[in-house]
$ cat data.cif   # mmCIF, C-alpha atoms
data_structure
#
loop_
_atom_site.label_atom_id
_atom_site.label_comp_id
_atom_site.auth_asym_id
_atom_site.auth_seq_id
_atom_site.Cartn_x
_atom_site.Cartn_y
_atom_site.Cartn_z
CA MET A 609 66.19 95.27 183.38
CA PHE A 610 62.81 93.83 182.41
CA TYR A 611 64.38 90.59 181.16
CA ALA A 612 64.62 88.64 184.45
CA GLY A 613 61.42 90.12 185.84
CA GLY A 614 59.59 89.49 182.57
CA ALA A 615 60.69 85.85 182.42
CA ALA A 616 59.58 85.34 186.02
CA GLU A 617 56.26 87.13 185.49
CA ARG A 618 55.46 85.03 182.44
CA ALA A 619 55.99 81.88 184.56
CA ILE A 620 54.41 82.83 187.89
CA GLY A 621 52.25 85.91 187.42
CA GLN A 622 52.28 89.50 188.64
CA ALA A 623 53.83 88.81 192.05
CA ALA A 624 57.12 88.03 190.27
CA PRO A 625 58.96 91.27 191.22
CA TRP A 626 58.84 90.30 194.92
CA PHE A 627 60.31 86.89 194.12
CA VAL A 628 63.07 88.55 192.11
CA MET A 629 63.79 90.72 195.15
CA GLY A 630 63.77 87.56 197.31
CA VAL A 631 66.33 85.95 195.02
CA MET A 632 68.48 89.06 195.29
CA LEU A 633 68.38 88.86 199.10
CA PHE A 634 69.15 85.12 198.87
CA SER A 635 72.23 86.12 196.90
CA PHE A 636 73.83 87.31 200.16
CA ALA A 637 73.92 83.64 201.26
CA VAL A 638 75.40 82.64 197.90
CA ARG A 639 78.01 85.36 198.39
CA SER A 640 79.06 83.81 201.71
CA VAL A 641 79.48 80.33 200.17
CA TYR A 642 81.39 81.83 197.24
CA MET A 643 83.78 83.67 199.53
CA GLU A 644 84.37 80.57 201.65
CA SER A 645 85.17 78.53 198.53
CA CYS A 646 87.49 81.23 197.25
CA SER A 647 89.43 81.36 200.51
CA MET A 648 89.83 77.57 200.57
CA PHE A 649 91.05 77.19 196.97
CA VAL A 650 92.98 80.33 196.14
CA ARG A 651 93.69 80.48 192.39
CA GLY A 652 92.04 77.10 192.00
CA GLY A 653 89.32 77.70 189.47
CA VAL A 654 86.21 75.56 189.06
CA TYR A 655 88.06 72.40 188.04
CA VAL A 656 90.37 72.29 191.09
CA VAL A 657 87.64 73.26 193.56
CA VAL A 658 85.18 70.60 192.36
CA HIS A 659 87.94 68.02 191.79
CA ASP A 660 89.13 68.32 195.39
CA SER A 661 85.67 68.29 196.92
CA MET A 662 83.60 66.00 194.63
CA GLY A 663 86.02 64.08 192.42
CA PRO A 664 87.27 64.16 188.80
CA VAL A 665 83.98 63.23 187.07
CA ALA A 666 82.04 66.03 188.78
CA ALA A 667 84.92 68.39 188.00
CA LYS A 668 84.72 67.61 184.27
CA PHE A 669 80.94 68.12 184.30
CA SER A 670 81.35 71.43 186.15
CA VAL A 671 83.93 72.81 183.76
CA SER A 672 81.90 71.67 180.76
CA ALA A 673 78.81 73.41 182.18
CA LEU A 674 80.82 76.58 182.78
CA VAL A 675 82.26 76.61 179.25
CA PHE A 676 78.76 75.97 177.87
CA ASP A 677 77.47 78.85 180.01
CA TYR A 678 80.15 81.23 178.73
CA ILE A 679 79.59 80.22 175.11
CA LEU A 680 75.85 80.81 175.48
CA THR A 681 75.64 83.93 177.63
CA GLY A 682 78.35 85.95 175.85
CA PRO A 683 76.73 85.93 172.39
CA ILE A 684 73.20 86.26 173.80
CA SER A 685 74.16 89.35 175.81
CA VAL A 686 76.02 91.04 173.00
CA VAL A 687 73.37 90.25 170.36
CA SER A 688 70.73 91.69 172.73
CA ALA A 689 72.84 94.83 173.11
CA GLY A 690 73.18 95.01 169.33
CA GLN A 691 69.41 94.79 168.89
CA TYR A 692 68.87 97.58 171.41
CA ILE A 693 71.45 99.78 169.68
CA GLY A 694 69.99 99.00 166.24
CA ALA A 695 66.47 99.89 167.42
CA LEU A 696 67.80 103.07 169.06
CA LEU A 697 69.56 104.14 165.84
CA GLU A 698 66.36 103.58 163.86
CA GLU A 699 64.34 105.64 166.32
CA ILE A 700 66.92 108.43 166.25
CA GLY A 701 66.74 108.30 162.45
CA GLN A 702 62.95 108.69 162.56
CA LEU A 703 63.15 111.56 165.04
CA THR A 704 65.70 113.42 162.93
CA HIS A 705 63.77 112.61 159.71
CA GLN A 706 66.69 110.63 158.27
CA ASN A 707 65.84 107.80 155.93
CA LEU A 708 67.69 105.17 158.00
CA HIS A 709 66.63 101.58 157.38
CA LEU A 710 68.62 99.01 159.33
CA ASN A 711 68.36 95.26 159.24
CA ILE A 712 68.45 95.06 163.03
CA ASN A 713 69.23 91.34 163.23
CA LEU A 714 72.11 91.66 160.78
CA PHE A 715 73.36 94.76 162.60
CA ALA A 716 73.17 92.89 165.94
CA ALA A 717 75.09 89.91 164.56
CA GLY A 718 77.83 92.14 163.12
CA PHE A 719 78.00 94.11 166.36
CA ALA A 720 78.28 90.84 168.32
CA VAL A 721 81.18 89.63 166.21
CA LEU A 722 83.06 92.92 166.62
CA VAL A 723 82.49 93.11 170.39
CA THR A 724 83.49 89.46 170.88
CA ILE A 725 86.74 90.03 168.96
CA TYR A 726 87.39 93.19 170.97
CA PHE A 727 86.95 91.43 174.34
CA TRP A 728 89.02 88.46 173.22
CA TRP A 729 91.78 90.85 172.15
CA THR A 730 91.55 92.73 175.46
CA ASN A 731 91.53 89.59 177.58
CA ILE A 732 94.59 88.01 176.00
CA LYS A 733 96.61 91.08 177.01
CA GLY A 734 96.43 89.95 180.64
CA VAL A 735 94.63 90.54 183.92
CA HIS A 736 96.19 93.88 184.84
CA GLU A 737 95.88 95.32 181.34
CA SER A 738 92.17 94.52 181.10
CA SER A 739 91.17 95.41 184.70
CA GLY A 740 90.98 99.14 184.00
CA LYS A 741 88.58 98.60 181.11
CA ALA A 742 86.42 96.25 183.22
CA LEU A 743 86.22 98.98 185.88
CA ARG A 744 85.27 101.57 183.26
CA ILE A 745 82.38 99.34 182.07
CA MET A 746 81.12 99.09 185.65
CA GLN A 747 81.38 102.88 186.10
CA ILE A 748 79.36 103.58 182.95
CA THR A 749 76.77 100.97 183.97
CA THR A 750 76.49 102.51 187.44
CA VAL A 751 75.81 105.95 185.98
CA MET A 752 73.03 104.46 183.81
CA VAL A 753 71.53 102.64 186.82
CA VAL A 754 71.53 105.80 188.92
CA ILE A 755 69.80 107.73 186.10
CA LEU A 756 67.26 104.90 185.75
CA LEU A 757 66.54 104.81 189.49
CA ILE A 758 66.07 108.59 189.70
CA TRP A 759 63.84 108.52 186.60
CA CYS A 760 61.76 105.64 188.01
CA THR A 761 61.33 107.38 191.37
CA ILE A 762 60.18 110.61 189.73
CA THR A 763 57.80 108.67 187.46
CA VAL A 764 56.26 106.82 190.43
CA LEU A 765 55.83 110.11 192.31
CA VAL A 766 54.26 112.11 189.47
CA ALA A 767 52.40 109.45 187.47
CA PRO A 768 48.59 109.66 187.90
CA HIS A 769 48.34 105.88 188.24
CA VAL A 770 50.86 103.20 189.23
CA ASN A 771 50.16 99.48 189.52
CA SER A 772 50.26 97.76 192.87
CA VAL A 773 52.48 94.68 192.73
CA PRO A 774 50.60 91.75 194.36
CA MET A 775 52.24 90.38 197.50
CA PRO A 776 54.25 87.14 197.15
CA SER A 777 51.65 84.81 198.64
CA ALA A 778 50.43 81.50 197.22
CA SER A 779 47.07 83.03 196.28
CA ASN A 780 48.84 85.54 194.02
CA ILE A 781 50.92 82.94 192.17
CA HIS A 782 49.45 81.90 188.83
CA PHE A 783 51.67 79.40 187.06
CA ALA A 784 51.78 79.33 183.27
CA PRO A 785 51.12 75.79 181.93
CA GLU A 786 54.76 75.39 180.83
CA ALA A 787 55.99 76.62 184.22
CA GLN A 788 54.44 73.71 186.11
CA GLY A 789 56.79 71.11 184.66
CA TRP A 790 56.21 67.51 185.75
CA LEU A 791 54.09 68.69 188.69
CA ALA A 792 51.32 69.79 186.30
CA GLY A 793 48.01 68.22 187.27
CA THR A 794 49.29 66.83 190.60
CA MET A 795 48.22 67.86 194.09
CA TRP A 796 51.75 69.09 194.85
CA ILE A 797 51.31 72.21 192.74
CA GLN A 798 48.42 73.24 195.07
CA ILE A 799 50.51 73.21 198.27
CA PRO A 800 51.43 76.84 199.16
CA MET A 801 54.98 76.14 200.35
CA ILE A 802 55.77 74.14 197.20
CA MET A 803 54.17 76.86 195.05
CA ILE A 804 56.43 79.45 196.65
CA ILE A 805 59.54 77.29 196.18
CA ILE A 806 58.67 76.77 192.49
CA ALA A 807 58.02 80.50 192.05
CA PHE A 808 61.39 81.21 193.68
CA GLY A 809 63.01 78.77 191.27
CA HIS A 810 61.49 80.55 188.28
CA SER A 811 63.04 83.80 189.53
CA LEU A 812 66.59 82.48 189.93
CA LEU A 813 67.53 83.76 186.47
CA SER A 814 67.89 87.19 188.04
CA MET A 815 71.01 86.00 189.89
CA SER A 816 72.95 85.50 186.67
CA GLY A 817 74.96 88.72 187.09
CA PHE A 818 76.80 87.27 190.06
CA GLU A 819 79.60 86.10 187.79
CA THR A 820 80.87 89.64 188.23
CA LEU A 821 82.62 88.39 191.36
CA ALA A 822 84.96 86.35 189.18
CA GLN A 823 86.43 89.65 187.96
CA VAL A 824 87.76 90.26 191.46
CA TYR A 825 88.62 86.68 192.36
CA ARG A 826 91.10 86.47 189.47
CA GLU A 827 93.09 89.29 191.09
CA ILE A 828 93.69 87.42 194.36
CA ALA A 829 97.38 86.62 194.66
CA TYR A 830 98.81 83.11 194.78
CA ARG A 831 99.42 81.61 198.19
CA ARG A 832 102.94 82.21 199.52
CA MET B 878 90.28 88.43 200.81
CA LYS B 879 89.47 91.84 202.22
CA ASN B 880 88.97 93.25 198.73
CA LEU B 881 86.92 90.23 197.67
CA ARG B 882 84.67 90.59 200.73
CA LEU B 883 84.18 94.29 200.02
CA THR B 884 83.45 93.62 196.36
CA ALA B 885 81.06 90.78 197.17
CA ASN B 886 79.05 93.08 199.41
CA ILE B 887 79.02 95.80 196.74
CA VAL B 888 77.89 93.29 194.08
CA CYS B 889 75.11 92.01 196.39
CA TRP B 890 73.77 95.49 197.16
CA TYR B 891 74.17 96.43 193.48
CA ALA B 892 72.07 93.40 192.56
CA VAL B 893 69.40 94.19 195.16
CA ILE B 894 69.08 97.77 193.93
CA CYS B 895 69.73 97.27 190.23
CA THR B 896 67.72 94.10 189.64
CA GLY B 897 65.37 93.88 192.63
CA VAL B 898 64.24 97.48 193.02
CA VAL B 899 64.17 98.21 189.28
CA THR B 900 62.05 95.08 188.65
CA ILE B 901 59.54 96.31 191.25
CA PHE B 902 59.59 99.74 189.61
CA ALA B 903 58.92 98.05 186.25
CA GLY B 904 55.95 96.23 187.76
CA MET B 905 54.60 99.51 189.16
CA ILE B 906 55.21 101.78 186.17
CA ILE B 907 54.59 99.67 183.04
CA PRO B 908 50.84 98.95 182.61
CA ASN B 909 49.94 95.27 183.15
CA ALA B 910 48.56 94.80 179.65
CA GLU B 911 51.60 96.45 178.11
CA ARG B 912 54.07 94.19 179.99
CA ALA B 913 52.24 91.09 178.85
CA LYS B 914 52.84 92.02 175.20
CA TYR B 915 56.57 91.55 175.70
CA PHE B 916 56.58 88.16 177.46
CA ASP B 917 57.55 86.41 174.23
CA ASN B 918 59.96 89.15 173.28
CA LEU B 919 61.83 90.06 176.46
CA ILE B 920 64.56 91.96 174.62
CA GLY B 921 61.76 94.27 173.55
CA ASP B 922 62.82 95.11 170.01
CA SER B 923 59.14 95.22 168.91
CA PRO B 924 55.79 94.47 170.60
#
$ encode --input "data.cif" --output "structure tokens"
Amino acid sequence: MFYAGGAAERAIGQAAPWFVMGVMLFSFAVRSVYMESCSMFVRGGVYVVVHDSMGPVAAKFSVSALVFDYILTGPISVVSAGQYIGALLEEIGQLTHQNLHLNINLFAAGFAVLVTIYFWWTNIKGVHESSGKALRIMQITTVMVVILLIWCTITVLVAPHVNSVPMPSASNIHFAPEAQGWLAGTMWIQIPMIMIIIAFGHSLLSMSGFETLAQVYREIAYRR
Amino acid sequence: MKNLRLTANIVCWYAVICTGVVTIFAGMIIPNAERAKYFDNLIGDSP
């Protein structure tokens, strides 16, 4: 949960949570474009959609980018999960006074290989066979999110001190040197509207979960 | 399309609550100095 917010905060400063929320609200507009595209190209996939609207070269680039995205995000997500689980096992071992020493990176890599093989094996069974398991993952995640939200609310209510998150104004944006890109040292980086657009751009990572919609799109029937 | 529209709305609200609200909670609850320790280690396996 801290990943997207942390990446944004490192780039733009403590007002980042508001920009992450702004990106989430912007996602409603992305949803509308996505649904329009889906209704125009039923069962098309990225290649057909881009091929019909922008030509074959753009279609090849789009599919290549998508494959690259899948190859990158799958292993990163599952290795992260493996590191969390490894750290959790070590902490449980310490709490129960067990002499449990894990090589967390090795554990995470092994876990990643097993999970990748499992999902590959599940996916090749077919859409209908794997849909139930995809739903179960969402159900478990939802339970964890509800627990987290209740826990956070109670913490905010009972904690003696909570931070105030600075409002998303230009005066509260403090760019890290590497976050300024090729605008570093120019007058453009001082203009409030441009600062806010750049800050918004640094928060776009938080929209990465939107691929979830593809889980439903694949179930839309062929045109008759 | 009806199911896709319904799901898209659920995913959007899920994202607003799950990512947006929880990120604001993280900003409020985790001390500023403590958050900064994890900027180079966002997975958070060790400070």
$ residues_near_point --input "data.cif" --point "(57.6, 85.9, 195.6)" --cutoff "9 Å" --atoms "only C-alpha atoms" --output "list in words"
Ile620, Ala623, Ala624, Pro625, Trp626, Phe627, Val628, Met629, Gly630, Val631, Met775, Pro776, Ser777, Ala778, Asn780, Ile781, Ile804, Ile805, Ala807, Phe808 and Ser811 of chain A
$ resolve_selection --input "data.cif" --expression "the PyMOL selection byres ((chain A) within 8 of (chain B))" --output "VMD selection string"
chain A and resid 609 to 611 613 to 615 618 622 625 to 626 628 to 629 632 to 633 635 to 636 639 643 647 688 691 to 692 695 753 757 760 763 to 764 770 to 773 814 to 815 817 to 818 820 to 821 824 to 825 828
$ axis_aligned_box --input "data.cif" --around "region 748-765 of chain A" --padding-each-side "6 Å" --output "AutoDock Vina command-line options"
--center_x 67.6 --center_y 105.8 --center_z 187.6 --size_x 35.5 --size_y 21.6 --size_z 21.4
$ residues_around --input "data.cif" --residues "Ser738 (chain A)" --least-positions-apart "4" --cutoff "12 Å" --atoms "only C-alpha atoms" --output "PDB file with C-alpha atoms, in the coordinates of the input"
ATOM      1  CA  TYR A 726      87.390  93.190 170.970  1.00  0.00           C
ATOM      2  CA  PHE A 727      86.950  91.430 174.340  1.00  0.00           C
ATOM      3  CA  TRP A 728      89.020  88.460 173.220  1.00  0.00           C
ATOM      4  CA  TRP A 729      91.780  90.850 172.150  1.00  0.00           C
ATOM      5  CA  THR A 730      91.550  92.730 175.460  1.00  0.00           C
ATOM      6  CA  ASN A 731      91.530  89.590 177.580  1.00  0.00           C
ATOM      7  CA  ILE A 732      94.590  88.010 176.000  1.00  0.00           C
ATOM      8  CA  LYS A 733      96.610  91.080 177.010  1.00  0.00           C
ATOM      9  CA  GLY A 734      96.430  89.950 180.640  1.00  0.00           C
ATOM     10  CA  ALA A 742      86.420  96.250 183.220  1.00  0.00           C
ATOM     11  CA  LEU A 743      86.220  98.980 185.880  1.00  0.00           C
ATOM     12  CA  ARG A 744      85.270 101.570 183.260  1.00  0.00           C
ATOM     13  CA  ILE A 745      82.380  99.340 182.070  1.00  0.00           C
ATOM     14  CA  GLN A 823      86.430  89.650 187.960  1.00  0.00           C
ATOM     15  CA  ARG A 826      91.100  86.470 189.470  1.00  0.00           C
ATOM     16  CA  GLU A 827      93.090  89.290 191.090  1.00  0.00           C
TER      17      GLU A 827
END
$ resolve_selection --input "data.cif" --expression "the PyMOL selection byres ((chain A and resi 783) around 6)" --output "VMD selection string"
chain A and resid 619 to 620 782 784 787
$ atom_distance --input "data.cif" --atom1 "CA of Glu819 (chain A)" --atom2 "CA of Leu756 (chain A)"
22.6 Å
$ atom_distance --input "data.cif" --atom1 "CA of Ile679 (chain A)" --atom2 "CA of Ala667 (chain A)"
18.3 Å
$ residues_around --input "data.cif" --residues "Ala666 (chain A)" --least-positions-apart "6" --cutoff "12 Å" --atoms "all atoms listed in the file" --output "PyMOL selection string"
chain A and resi 654-660+672-673
$ residues_around --input "data.cif" --residues "Ile684 (chain A)" --least-positions-apart "3" --cutoff "12 Å" --atoms "all atoms listed in the file" --output "list in words"
Asp677, Tyr678, Ile679, Leu680, Thr681, Val687, Ser688, Ala689, Gly690, Gln691, Ala716, Ala717, Phe719, Ala720, Val721 and Thr724 of chain A; Ile920 of chain B
$ atom_distance --input "data.cif" --atom1 "CA of Gln788 (chain A)" --atom2 "CA of Ile806 (chain A)"
8.2 Å
